[in-house]
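Pasted below: start-v4.tsv, TSV, C-alpha atoms and all ligand atoms.
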chain	number	residue	atom	x	y	z
A	143	MET	CA	6.83	-57.38	-7.76
A	144	GLU	CA	8.90	-54.39	-6.78
A	145	LEU	CA	8.14	-51.25	-8.82
A	146	GLN	CA	10.73	-48.57	-9.29
A	147	PHE	CA	9.29	-45.09	-9.57
A	148	SER	CA	9.56	-41.58	-8.14
A	149	ARG	CA	7.00	-40.09	-5.81
A	150	HIS	CA	6.70	-36.58	-7.25
A	151	ARG	CA	3.51	-36.03	-5.31
A	152	LYS	CA	5.53	-35.71	-2.10
A	153	LEU	CA	6.16	-32.07	-3.03
A	154	ARG	CA	2.51	-31.33	-3.82
A	155	SER	CA	0.94	-32.56	-0.62
A	156	SER	CA	-0.36	-29.24	0.76
A	157	ALA	CA	-0.63	-25.58	-0.16
A	158	ASN	CA	2.37	-24.72	2.00
A	159	MET	CA	4.42	-27.56	0.55
A	160	ARG	CA	3.58	-26.35	-2.96
A	161	ALA	CA	4.50	-22.80	-1.99
A	162	LEU	CA	7.81	-24.05	-0.61
A	163	VAL	CA	8.90	-25.52	-3.94
A	164	ARG	CA	7.31	-22.95	-6.27
A	165	GLU	CA	9.86	-21.89	-8.87
A	166	ASN	CA	8.33	-18.70	-10.28
A	167	HIS	CA	6.37	-15.83	-8.81
A	168	LEU	CA	4.37	-12.84	-9.96
A	169	ARG	CA	4.91	-9.51	-8.24
A	170	ALA	CA	3.39	-6.07	-8.73
A	171	GLU	CA	6.81	-4.79	-9.89
A	172	ASP	CA	6.74	-7.24	-12.80
A	173	PHE	CA	3.92	-5.44	-14.55
A	174	ILE	CA	3.80	-2.51	-16.92
A	175	TYR	CA	0.28	-1.19	-17.43
A	176	PRO	CA	-0.68	0.31	-20.84
A	177	LEU	CA	-2.74	3.50	-20.91
A	178	PHE	CA	-4.59	5.06	-23.83
A	179	ILE	CA	-4.59	8.83	-23.52
A	180	TYR	CA	-7.24	10.54	-25.62
A	181	GLU	CA	-6.80	14.13	-26.69
A	182	GLY	CA	-9.95	16.01	-25.71
A	183	GLU	CA	-12.05	16.61	-22.65
A	184	ASN	CA	-14.16	14.54	-20.34
A	185	ILE	CA	-13.44	11.30	-22.13
A	186	ARG	CA	-13.50	7.94	-20.41
A	187	ASN	CA	-14.55	5.44	-23.05
A	188	GLU	CA	-14.48	1.75	-22.42
A	189	VAL	CA	-12.96	0.02	-25.45
A	190	SER	CA	-15.73	-2.27	-26.69
A	191	SER	CA	-13.38	-5.09	-27.65
A	192	MET	CA	-11.41	-4.75	-24.39
A	193	PRO	CA	-13.79	-4.71	-21.42
A	194	GLY	CA	-12.14	-3.04	-18.43
A	195	VAL	CA	-9.78	-0.95	-20.62
A	196	PHE	CA	-10.55	2.75	-21.06
A	197	GLN	CA	-9.41	5.58	-23.28
A	198	VAL	CA	-9.05	8.56	-20.97
A	199	SER	CA	-8.52	12.27	-21.53
A	200	LEU	CA	-6.05	14.27	-19.46
A	201	ASP	CA	-8.77	15.53	-17.10
A	202	HIS	CA	-9.46	11.91	-16.09
A	203	LEU	CA	-5.81	11.01	-15.70
A	204	GLN	CA	-5.52	12.07	-12.07
A	205	ALA	CA	-8.23	9.60	-11.03
A	206	GLU	CA	-6.84	6.88	-13.28
A	207	MET	CA	-3.34	7.34	-11.85
A	208	GLU	CA	-4.64	7.28	-8.28
A	209	ASP	CA	-6.30	3.95	-9.03
A	210	ILE	CA	-3.10	2.64	-10.63
A	211	VAL	CA	-1.01	3.67	-7.62
A	212	ALA	CA	-3.58	2.21	-5.21
A	213	HIS	CA	-3.22	-1.12	-7.00
A	214	GLY	CA	0.55	-1.03	-6.54
A	215	ILE	CA	1.47	-0.64	-10.21
A	216	LYS	CA	4.85	1.05	-10.63
A	217	SER	CA	5.14	1.54	-14.41
A	218	VAL	CA	2.82	2.65	-17.18
A	219	LEU	CA	3.17	2.48	-20.96
A	220	LEU	CA	1.62	5.44	-22.76
A	221	PHE	CA	-0.20	5.40	-26.07
A	222	GLY	CA	-1.82	8.53	-27.47
A	223	ILE	CA	-4.87	9.15	-29.58
A	224	PRO	CA	-4.49	12.62	-31.11
A	225	LYS	CA	-7.29	14.91	-32.28
A	226	THR	CA	-5.73	15.31	-35.70
A	227	LYS	CA	-3.76	12.91	-37.86
A	228	ASP	CA	-1.66	13.68	-40.93
A	229	ALA	CA	0.68	11.95	-43.39
A	230	CYS	CA	3.76	12.43	-41.17
A	231	GLY	CA	2.21	11.92	-37.73
A	232	GLU	CA	3.18	15.35	-36.47
A	233	GLN	CA	1.32	14.94	-33.17
A	234	ALA	CA	3.69	12.11	-32.25
A	235	TYR	CA	6.61	14.54	-31.92
A	236	HIS	CA	4.86	17.87	-31.27
A	237	GLU	CA	5.95	19.45	-28.01
A	238	HIS	CA	2.31	19.47	-26.90
A	239	GLY	CA	1.41	16.09	-28.40
A	240	ILE	CA	-0.92	14.09	-26.17
A	241	VAL	CA	1.71	11.62	-24.91
A	242	GLN	CA	4.08	14.47	-24.06
A	243	GLU	CA	1.29	16.24	-22.13
A	244	ALA	CA	0.33	13.07	-20.28
A	245	THR	CA	3.97	12.38	-19.44
A	246	ARG	CA	4.45	15.85	-17.99
A	247	PHE	CA	1.26	15.43	-15.95
A	248	ILE	CA	2.25	12.05	-14.53
A	249	LYS	CA	5.84	13.02	-13.76
A	250	GLU	CA	4.62	16.13	-11.96
A	251	LYS	CA	1.89	14.46	-9.92
A	252	PHE	CA	3.28	10.94	-9.54
A	253	PRO	CA	7.04	11.37	-9.92
A	254	GLU	CA	7.90	7.90	-8.66
A	255	ILE	CA	5.86	6.17	-11.40
A	256	ILE	CA	7.98	4.97	-14.32
A	257	VAL	CA	6.63	6.39	-17.57
A	258	VAL	CA	7.39	4.27	-20.61
A	259	ALA	CA	6.57	6.08	-23.85
A	260	ASP	CA	5.58	3.98	-26.86
A	261	THR	CA	7.44	5.44	-29.81
A	262	CYS	CA	5.51	4.85	-33.02
A	263	LEU	CA	3.66	6.82	-35.66
A	264	CYS	CA	0.65	4.62	-36.43
A	265	GLU	CA	-1.71	6.36	-34.00
A	266	TYR	CA	-0.73	9.73	-35.47
A	267	THR	CA	-0.64	9.11	-39.23
A	268	ASP	CA	-3.78	9.35	-41.36
A	269	HIS	CA	-2.75	6.18	-43.23
A	270	GLY	CA	-2.22	4.27	-39.97
A	271	HIS	CA	1.24	2.92	-40.81
A	272	CYS	CA	4.18	3.07	-38.42
A	273	GLY	CA	6.36	5.11	-40.78
A	274	VAL	CA	6.42	7.47	-43.71
A	275	VAL	CA	4.52	6.24	-46.74
A	276	GLU	CA	5.18	6.71	-50.45
A	277	GLY	CA	2.44	5.20	-52.58
A	278	GLU	CA	1.87	1.83	-50.92
A	279	LYS	CA	5.47	1.60	-49.62
A	280	ILE	CA	6.52	2.19	-46.03
A	281	LEU	CA	9.87	3.97	-46.22
A	282	ASN	CA	12.50	2.94	-43.72
A	283	ASP	CA	15.18	5.61	-43.45
A	284	GLN	CA	12.79	8.52	-43.89
A	285	SER	CA	10.76	7.16	-40.97
A	286	LEU	CA	13.77	7.03	-38.65
A	287	GLU	CA	14.08	10.79	-38.58
A	288	LEU	CA	10.49	11.20	-37.33
A	289	LEU	CA	10.88	8.43	-34.78
A	290	VAL	CA	13.98	10.13	-33.39
A	291	LYS	CA	12.06	13.41	-33.13
A	292	THR	CA	9.28	11.55	-31.30
A	293	ALA	CA	11.66	9.88	-28.85
A	294	VAL	CA	13.43	13.16	-28.10
A	295	ALA	CA	10.10	14.96	-27.55
A	296	GLN	CA	9.04	12.17	-25.18
A	297	ALA	CA	12.33	12.33	-23.26
A	298	LYS	CA	12.06	16.11	-23.07
A	299	ALA	CA	8.58	15.75	-21.55
A	300	GLY	CA	10.06	13.51	-18.84
A	301	ALA	CA	9.60	9.93	-20.07
A	302	ASP	CA	11.77	7.52	-18.09
A	303	ILE	CA	12.01	4.88	-20.82
A	304	ILE	CA	11.62	5.10	-24.60
A	305	ALA	CA	9.88	2.07	-26.13
A	306	PRO	CA	10.00	2.09	-29.94
A	307	SER	CA	7.46	-0.31	-31.46
A	308	ASN	CA	7.64	0.64	-35.12
A	309	MET	CA	9.90	-2.17	-36.47
A	310	MET	CA	11.84	0.00	-38.92
A	311	ASP	CA	15.41	-1.23	-39.37
A	312	GLY	CA	17.93	0.79	-37.40
A	313	PHE	CA	15.39	2.38	-35.08
A	314	VAL	CA	17.37	1.63	-31.94
A	315	ALA	CA	20.62	3.02	-33.40
A	316	ALA	CA	18.86	6.15	-34.65
A	317	ILE	CA	16.96	6.78	-31.41
A	318	ARG	CA	20.03	6.12	-29.25
A	319	ALA	CA	22.07	8.60	-31.28
A	320	GLY	CA	19.23	11.14	-31.22
A	321	LEU	CA	18.71	10.85	-27.47
A	322	ASP	CA	22.45	11.12	-26.77
A	323	GLU	CA	22.81	14.14	-29.00
A	324	ALA	CA	19.91	15.85	-27.22
A	325	GLY	CA	21.56	15.15	-23.85
A	326	TYR	CA	19.39	12.18	-22.81
A	327	THR	CA	22.25	9.73	-22.43
A	328	ASP	CA	20.68	8.22	-19.31
A	329	ILE	CA	17.29	7.36	-20.81
A	330	PRO	CA	17.08	3.64	-21.61
A	331	ILE	CA	15.51	2.12	-24.71
A	332	MET	CA	13.04	-0.70	-24.28
A	333	SER	CA	13.01	-2.07	-27.81
A	334	TYR	CA	10.13	-3.97	-29.33
A	335	ALA	CA	12.93	-6.10	-30.76
A	336	VAL	CA	10.90	-9.15	-31.69
A	337	LYS	CA	7.48	-8.08	-32.90
A	338	TYR	CA	5.41	-10.35	-35.08
A	339	ALA	CA	2.77	-9.28	-37.62
A	340	SER	CA	-0.03	-10.61	-35.47
A	341	ALA	CA	-3.80	-10.87	-35.61
A	342	PHE	CA	-3.71	-10.59	-31.82
A	343	TYR	CA	-3.31	-6.78	-32.15
A	344	GLY	CA	-6.90	-6.45	-33.40
A	345	PRO	CA	-8.53	-4.99	-30.27
A	346	PHE	CA	-5.58	-2.62	-29.70
A	347	ARG	CA	-6.16	-1.05	-33.08
A	348	GLU	CA	-9.66	-0.15	-31.93
A	349	ALA	CA	-8.33	1.15	-28.61
A	350	ALA	CA	-5.54	3.22	-30.16
A	351	GLU	CA	-7.39	4.02	-33.38
A	352	GLY	CA	-4.29	3.12	-35.36
A	353	ALA	CA	-5.34	0.47	-37.87
A	354	PRO	CA	-3.55	0.63	-41.24
A	355	GLN	CA	-5.81	2.20	-43.85
A	356	PHE	CA	-4.32	0.11	-46.66
A	357	GLY	CA	-2.35	-3.12	-46.75
A	358	ASP	CA	-0.87	-4.63	-43.62
A	359	ARG	CA	2.32	-4.47	-41.54
A	360	LYS	CA	3.99	-7.57	-43.00
A	361	THR	CA	6.86	-5.66	-44.65
A	362	TYR	CA	8.06	-4.44	-41.26
A	363	GLN	CA	6.68	-6.76	-38.57
A	364	MET	CA	7.87	-10.37	-38.46
A	365	ASP	CA	6.47	-13.54	-39.98
A	366	PRO	CA	4.86	-15.69	-37.24
A	367	ALA	CA	6.46	-18.77	-38.83
A	368	ASN	CA	10.02	-17.64	-38.07
A	369	ARG	CA	12.38	-18.33	-35.22
A	370	MET	CA	15.88	-17.57	-36.58
A	371	GLU	CA	14.64	-14.15	-37.60
A	372	ALA	CA	13.98	-13.42	-33.92
A	373	PHE	CA	17.67	-14.00	-33.17
A	374	ARG	CA	18.66	-11.62	-35.98
A	375	GLU	CA	16.28	-8.93	-34.75
A	376	ALA	CA	17.37	-9.25	-31.12
A	377	GLU	CA	21.08	-9.31	-32.05
A	378	SER	CA	20.91	-6.12	-34.04
A	379	ASP	CA	18.94	-4.30	-31.36
A	380	VAL	CA	21.49	-5.33	-28.73
A	381	ALA	CA	24.30	-4.12	-30.98
A	382	GLU	CA	22.46	-0.84	-31.57
A	383	GLY	CA	22.17	-0.15	-27.85
A	384	ALA	CA	18.84	-1.54	-26.60
A	385	ASP	CA	18.50	-1.83	-22.81
A	386	PHE	CA	15.45	-4.14	-22.72
A	387	LEU	CA	14.12	-6.60	-25.32
A	388	ILE	CA	10.37	-6.95	-25.86
A	389	ILE	CA	8.82	-10.06	-27.41
A	390	LYS	CA	5.34	-9.56	-28.73
A	391	PRO	CA	2.74	-11.08	-28.65
A	392	GLY	CA	3.21	-13.29	-25.59
A	393	MET	CA	1.18	-16.46	-25.45
A	394	PRO	CA	1.74	-17.82	-28.97
A	395	TYR	CA	5.48	-16.95	-28.82
A	396	LEU	CA	6.69	-18.33	-25.49
A	397	ASP	CA	9.28	-20.46	-27.29
A	398	ILE	CA	10.82	-17.25	-28.59
A	399	VAL	CA	10.75	-15.75	-25.10
A	400	ARG	CA	12.80	-18.69	-23.85
A	401	ASP	CA	15.21	-18.40	-26.80
A	402	VAL	CA	15.77	-14.69	-26.15
A	403	LYS	CA	16.16	-15.24	-22.41
A	404	ASN	CA	18.76	-17.96	-22.97
A	405	ASN	CA	20.77	-16.10	-25.55
A	406	PHE	CA	20.82	-12.45	-24.51
A	407	ASN	CA	21.65	-10.83	-21.22
A	408	LEU	CA	19.18	-7.94	-21.22
A	409	PRO	CA	15.93	-7.82	-19.27
A	410	VAL	CA	13.26	-9.66	-21.26
A	411	VAL	CA	9.82	-8.09	-21.53
A	412	VAL	CA	6.78	-9.97	-22.78
A	413	TYR	CA	3.86	-8.02	-24.21
A	414	ASN	CA	0.65	-9.86	-23.32
A	415	VAL	CA	-1.23	-8.13	-26.14
A	416	SER	CA	-4.80	-6.96	-26.60
A	417	GLY	CA	-6.10	-10.06	-28.37
A	418	GLU	CA	-4.77	-12.31	-25.60
A	419	TYR	CA	-6.52	-10.12	-23.03
A	420	SER	CA	-9.79	-9.94	-24.94
A	421	MET	CA	-10.03	-13.67	-25.62
A	422	VAL	CA	-9.86	-14.42	-21.93
A	423	LYS	CA	-12.33	-11.64	-21.11
A	424	ALA	CA	-14.81	-12.87	-23.69
A	425	ALA	CA	-14.64	-16.45	-22.49
A	426	ALA	CA	-14.89	-15.34	-18.86
A	427	LEU	CA	-17.90	-13.10	-19.58
A	428	ASN	CA	-19.57	-16.14	-21.10
A	429	GLY	CA	-18.86	-18.15	-17.98
A	430	TRP	CA	-16.69	-20.56	-19.97
A	431	ILE	CA	-13.49	-20.17	-17.98
A	432	ASP	CA	-12.43	-18.91	-14.57
A	433	GLU	CA	-10.95	-15.50	-15.37
A	434	LYS	CA	-8.73	-15.17	-12.31
A	435	LYS	CA	-7.19	-18.62	-12.61
A	436	THR	CA	-6.75	-18.33	-16.37
A	437	VAL	CA	-5.09	-14.92	-16.28
A	438	LEU	CA	-2.73	-15.85	-13.45
A	439	GLU	CA	-1.81	-19.08	-15.25
A	440	MET	CA	-1.07	-17.17	-18.47
A	441	LEU	CA	1.08	-14.64	-16.65
A	442	ILE	CA	3.06	-17.19	-14.64
A	443	GLY	CA	3.57	-19.10	-17.90
A	444	MET	CA	5.25	-16.00	-19.29
A	445	LYS	CA	7.51	-15.73	-16.25
A	446	ARG	CA	8.38	-19.43	-16.53
A	447	ALA	CA	9.22	-18.94	-20.22
A	448	GLY	CA	11.76	-16.29	-19.24
A	449	ALA	CA	9.95	-12.98	-18.90
A	450	ASP	CA	11.43	-10.55	-16.41
A	451	LEU	CA	8.63	-8.07	-17.01
A	452	ILE	CA	5.15	-8.30	-18.49
A	453	ILE	CA	3.22	-5.57	-20.23
A	454	THR	CA	-0.42	-6.44	-19.60
A	455	TYR	CA	-3.89	-4.90	-19.55
A	456	ALA	CA	-4.66	-7.35	-16.76
A	457	ALA	CA	-2.11	-5.80	-14.36
A	458	LYS	CA	-4.68	-4.28	-11.99
A	459	ASP	CA	-6.71	-7.49	-11.82
A	460	ALA	CA	-3.64	-9.66	-11.43
A	461	ILE	CA	-2.26	-7.64	-8.53
A	462	ARG	CA	-5.66	-7.65	-6.80
A	463	TRP	CA	-5.97	-11.42	-7.25
A	464	LEU	CA	-2.44	-12.05	-6.02
A	465	LYS	CA	-3.25	-10.09	-2.85
A	466	GLU	CA	-6.43	-12.14	-2.35
A	467	ASP	CA	-4.34	-15.30	-2.41
A	468	GLU	CA	-1.72	-14.09	0.05
A	501	LIG	C1	1.97	0.23	-32.51
A	501	LIG	C2	1.62	-0.84	-31.56
A	501	LIG	C3	0.72	-1.91	-31.70
A	501	LIG	C4	0.68	-2.56	-30.48
A	501	LIG	C5	1.55	-1.90	-29.63
A	501	LIG	N1	2.14	-0.85	-30.32
A	501	LIG	C6	-0.15	-2.28	-32.83
A	501	LIG	C7	0.41	-2.68	-34.12
A	501	LIG	O1	1.62	-2.87	-34.29
A	501	LIG	O2	-0.40	-2.80	-35.03
A	501	LIG	C8	-0.19	-3.75	-30.15
A	501	LIG	C9	-0.49	-3.91	-28.71
A	501	LIG	C10	-1.63	-4.80	-28.40
A	501	LIG	O3	-2.24	-5.46	-29.25
A	501	LIG	O4	-1.99	-4.85	-27.20
A	501	LIG	N2	2.83	-0.08	-33.51

Mind turning the file's structure into structure tokens?
Ligand code: PBG
Amino acid sequence: MELQFSRHRKLRSSANMRALVRENHLRAEDFIYPLFIYEGENIRNEVSSMPGVFQVSLDHLQAEMEDIVAHGIKSVLLFGIPKTKDACGEQAYHEHGIVQEATRFIKEKFPEIIVVADTCLCEYTDHGHCGVVEGEKILNDQSLELLVKTAVAQAKAGADIIAPSNMMDGFVAAIRAGLDEAGYTDIPIMSYAVKYASAFYGPFREAAEGAPQFGDRKTYQMDPANRMEAFREAESDVAEGADFLIIKPGMPYLDIVRDVKNNFNLPVVVYNVSGEYSMVKAAALNGWIDEKKTVLEMLIGMKRAGADLIITYAAKDAIRWLKEDE
């Protein structure tokens, strides 16, 4: 009997053969590393739900940045934890707000590093929502004004990219107009265009101390059940002038990453969020999975799904592991 079948294993016969036909690759330039900058002194707290991730004060930033540069990371994403919070999140847009100070520091000492500023209010408001609140309502248009002020303050401090994560409608249009008017026509916007209301943000809310004090974010972040809504969100951000599109979280939404990659011609960024990071850490610390192999598989899965860039807390580890395998 003559069987007809293909011998796929021909291309898997050795490590070099596999390398020859590998379709996707991870590189240090693919990663954006998030940093939590804590207003205060002598602070370097490991986040209990995110082993290996630290909140650092400005006086520890030099050492942290040296470590980042030594790893070969080229871009950082800044989040701030201010000393004081209020109803309007004033420290988000204050000239001496913690993200503005950290940006100035990094651009002075490490000018080649790309500083991406997260533009949101939830770490700065006492109610923990990403906009202005009236009663239990999160107001859209009133929030835009404060987000524009925040983006302009960040650009003024030297941020290379503005990354609004607040999910108010019209935030890209408002921020683009505000930046242009203030003379920052060359600063790109990396929009959190497709951001789901996700349980995977849990550990981040501990790290950034920005959990909502009432209700949830479901009136502004997206329903995890929806796909068409992702097209609508991405379309309007493109029309409003976004330069990059972020999909967030990563792992449970790789179908959406592929959709966005196939349908839009902007760089696609996947945010491998805190919960994804912490799940792997927890399992690895228990000895249940191989951390290196699992993380690299997750990250290459994101590239395969269409990510051009990945925001990940595992960037340092990943780059170190990739070098080990060279
Ligand atoms: C702020 C913001 C959040 C994350 C990034 N920016 C939290 C949220 O929307 O509640 C989550 C990042 C992560 O989980 O790693 N709006």

How close does each residue of chain A get to ligand LIG 501 (chain A), giving the shortest atom pair and distance in Å to one decimal for every residue with an atom at most 8 Å away, counting only C-alpha atoms and all ligand atoms, sorted by chain and residue number, as CSV?
residue,atom,partner,partner_atom,distance
A:Phe221,CA,A:LIG501,N1,7.9
A:Asp260,CA,A:LIG501,N1,6.9
A:Cys262,CA,A:LIG501,N2,5.6
A:Leu263,CA,A:LIG501,N2,7.3
A:Cys264,CA,A:LIG501,N2,5.9
A:Glu265,CA,A:LIG501,C1,7.3
A:Cys272,CA,A:LIG501,N2,6.0
A:Ser307,CA,A:LIG501,N2,5.1
A:Asn308,CA,A:LIG501,N2,5.1
A:Met309,CA,A:LIG501,N2,7.9
A:Lys337,CA,A:LIG501,O1,8.0
A:Ala339,CA,A:LIG501,O1,7.3
A:Ser340,CA,A:LIG501,O2,7.8
A:Phe342,CA,A:LIG501,O3,5.9
A:Tyr343,CA,A:LIG501,O3,3.4
A:Gly344,CA,A:LIG501,O3,6.3
A:Pro345,CA,A:LIG501,O3,6.4
A:Phe346,CA,A:LIG501,O3,4.4
A:Arg347,CA,A:LIG501,C6,6.1
A:Gly352,CA,A:LIG501,O2,7.1
A:Ala353,CA,A:LIG501,O2,6.6
A:Pro354,CA,A:LIG501,O2,7.8
A:Arg359,CA,A:LIG501,O2,7.3
A:Gln363,CA,A:LIG501,O1,7.7
A:Pro391,CA,A:LIG501,O3,7.5
A:Tyr413,CA,A:LIG501,O4,7.3
A:Asn414,CA,A:LIG501,O4,6.9
A:Val415,CA,A:LIG501,O4,3.5
A:Ser416,CA,A:LIG501,O4,3.6
A:Gly417,CA,A:LIG501,O3,6.1
A:Thr454,CA,A:LIG501,O4,7.9
A:Tyr455,CA,A:LIG501,O4,7.9

Practice task
Measuring atom to atom with only C-alpha atoms, identify which of A:Tyr326, A:Tyr175, A:Tyr334, A:Tyr419 is nearest to A:Val257.
Solution key: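 Using only C-alpha atoms, the shortest distance to A:Val257 belongs to A:Tyr175.
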
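Of the listed residues A:Val380, A:Asn407, A:Glu375, A:Glu348, the one whose atoms come nearest to A:Asn187 is A:Glu348, with distances taken using all atoms listed in the file.
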
Practice task
Give me, please, the distance in Å between atom CA of A:Ile179 and atom CA of A:Val198, quoted to one decimal.
Solution key: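 Taking atom CA of A:Ile179 as the start and atom CA of A:Val198 as the end point, the length is 5.1 Å.
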
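Between A:His236 and the residues A:Tyr180, A:Tyr266, A:Phe356, A:Phe386, the shortest atom-to-atom distance, using all atoms listed in the file, involves A:Tyr266.
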
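The space between atom CA of A:Gln242 and atom CA of A:Asn184 spans 18.6 Å.
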
Exercise for the section: Figure out the distance between atom CA of A:Asp450 and atom CA of A:Met393, please, to one decimal in Å. Expected result: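 Straight-line distance from atom CA of A:Met393 to atom CA of A:Asp450 works out to 14.9 Å.
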
Return as AutoDock Vina command-line options the box centre and box size in Å, one decimal, for an axis-aligned box around all listed atoms of stretch 162-177 of chain A padded by 6 Å per side.
--center_x 3.6 --center_y -11.0 --center_z -10.8 --size_x 24.6 --size_y 41.0 --size_z 32.3

Problem - Pick from A:Ala381, A:Ala335, A:Ala315, A:Leu168, whichever lies nearest to A:Ile452 using all atoms listed in the file - result: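 Checking each candidate against A:Ile452, we get A:Leu168 as the closest.
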
Practice task
Identify the residues within 6 Å of coordinate (14.5, -12.7, -22.2) (same frame as the file), considering all atoms listed in the file, and give the answer as JSON, numbers by chain.
Solution key: {"A": [399, 402, 403, 409, 410, 448, 449]}

Practice task
Quick one: everything within 6 Å of A:Met332, counting only C-alpha atoms, minus sequence neighbours fewer than 4 positions away in the same chain. Send it as a list in words.
Solution key: Ile304, Ala305, Asp385 and Phe386 of chain A

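Nearest to A:Arg446 of all the residues A:Asn166, A:Ser190, A:Thr245, A:Ser378 is A:Asn166, counting all atoms listed in the file.
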
Problem - Selected residue of minimal separation from A:Thr267 among A:Gln296, A:Asn158, A:Ser333, A:Gln355, counting all atoms listed in the file - result: A:Gln355

Handout entry: Near-A:Gly357 list (12 Å; all atoms listed in the file; drop same-chain fewer than 2 positions) as a PyMOL selection string
Key = chain A and resi 269-271+275+277-280+353-355+359-362

Write the residues of the preceding selection, restricted to C-alpha atoms, as a PDB file, keeping the file's coordinate frame.
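The result, written out as again-v5.pdb:
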ATOM      1  CA  HIS A 269      -2.750   6.180 -43.230  1.00  0.00           C
ATOM      2  CA  GLY A 270      -2.220   4.270 -39.970  1.00  0.00           C
ATOM      3  CA  HIS A 271       1.240   2.920 -40.810  1.00  0.00           C
ATOM      4  CA  VAL A 275       4.520   6.240 -46.740  1.00  0.00           C
ATOM      5  CA  GLY A 277       2.440   5.200 -52.580  1.00  0.00           C
ATOM      6  CA  GLU A 278       1.870   1.830 -50.920  1.00  0.00           C
ATOM      7  CA  LYS A 279       5.470   1.600 -49.620  1.00  0.00           C
ATOM      8  CA  ILE A 280       6.520   2.190 -46.030  1.00  0.00           C
ATOM      9  CA  ALA A 353      -5.340   0.470 -37.870  1.00  0.00           C
ATOM     10  CA  PRO A 354      -3.550   0.630 -41.240  1.00  0.00           C
ATOM     11  CA  GLN A 355      -5.810   2.200 -43.850  1.00  0.00           C
ATOM     12  CA  ARG A 359       2.320  -4.470 -41.540  1.00  0.00           C
ATOM     13  CA  LYS A 360       3.990  -7.570 -43.000  1.00  0.00           C
ATOM     14  CA  THR A 361       6.860  -5.660 -44.650  1.00  0.00           C
ATOM     15  CA  TYR A 362       8.060  -4.440 -41.260  1.00  0.00           C
TER      16      TYR A 362
END

Exercise for the section: Select all residues near (-10.4, -15.4, -13.3) (cut-off 10 Å, inclusive, file coordinates), counting all atoms listed in the file, and output them as JSON, numbers by chain. Expected result: {"A": [422, 423, 426, 431, 432, 433, 434, 435, 436, 437, 438, 439, 459, 460, 463]}

Supply stretch 398-408 of chain A as an mmCIF file, in the coordinates of the input, with N, CA, C and O atoms built in where the input has gaps.
data_model
loop_
_atom_site.group_PDB
_atom_site.id
_atom_site.type_symbol
_atom_site.label_atom_id
_atom_site.label_comp_id
_atom_site.auth_asym_id
_atom_site.auth_seq_id
_atom_site.Cartn_x
_atom_site.Cartn_y
_atom_site.Cartn_z
ATOM 1 N N ILE A 398 9.897 -18.340 -28.229
ATOM 2 C CA ILE A 398 10.820 -17.250 -28.590
ATOM 3 C C ILE A 398 11.280 -16.517 -27.329
ATOM 4 O O ILE A 398 12.434 -16.098 -27.227
ATOM 5 N N VAL A 399 10.375 -16.378 -26.374
ATOM 6 C CA VAL A 399 10.750 -15.750 -25.100
ATOM 7 C C VAL A 399 11.894 -16.538 -24.465
ATOM 8 O O VAL A 399 12.900 -15.977 -24.038
ATOM 9 N N ARG A 400 11.754 -17.844 -24.438
ATOM 10 C CA ARG A 400 12.800 -18.690 -23.850
ATOM 11 C C ARG A 400 14.109 -18.561 -24.644
ATOM 12 O O ARG A 400 15.190 -18.453 -24.067
ATOM 13 N N ASP A 401 14.005 -18.558 -25.963
ATOM 14 C CA ASP A 401 15.210 -18.400 -26.800
ATOM 15 C C ASP A 401 15.922 -17.089 -26.469
ATOM 16 O O ASP A 401 17.139 -17.051 -26.321
ATOM 17 N N VAL A 402 15.156 -16.010 -26.391
ATOM 18 C CA VAL A 402 15.770 -14.690 -26.150
ATOM 19 C C VAL A 402 16.369 -14.664 -24.749
ATOM 20 O O VAL A 402 17.490 -14.198 -24.547
ATOM 21 N N LYS A 403 15.651 -15.216 -23.779
ATOM 22 C CA LYS A 403 16.160 -15.240 -22.410
ATOM 23 C C LYS A 403 17.486 -16.014 -22.322
ATOM 24 O O LYS A 403 18.414 -15.616 -21.621
ATOM 25 N N ASN A 404 17.563 -17.128 -23.043
ATOM 26 C CA ASN A 404 18.760 -17.960 -22.970
ATOM 27 C C ASN A 404 19.962 -17.391 -23.713
ATOM 28 O O ASN A 404 21.093 -17.757 -23.431
ATOM 29 N N ASN A 405 19.695 -16.528 -24.675
ATOM 30 C CA ASN A 405 20.770 -16.100 -25.550
ATOM 31 C C ASN A 405 21.214 -14.654 -25.417
ATOM 32 O O ASN A 405 22.205 -14.252 -26.027
ATOM 33 N N PHE A 406 20.473 -13.870 -24.660
ATOM 34 C CA PHE A 406 20.820 -12.450 -24.510
ATOM 35 C C PHE A 406 20.784 -12.106 -23.035
ATOM 36 O O PHE A 406 20.026 -12.700 -22.268
ATOM 37 N N ASN A 407 21.587 -11.118 -22.657
ATOM 38 C CA ASN A 407 21.650 -10.830 -21.220
ATOM 39 C C ASN A 407 20.975 -9.521 -20.830
ATOM 40 O O ASN A 407 21.351 -8.891 -19.858
ATOM 41 N N LEU A 408 19.960 -9.132 -21.589
ATOM 42 C CA LEU A 408 19.180 -7.940 -21.220
ATOM 43 C C LEU A 408 17.872 -8.374 -20.579
ATOM 44 O O LEU A 408 17.416 -9.495 -20.803
#
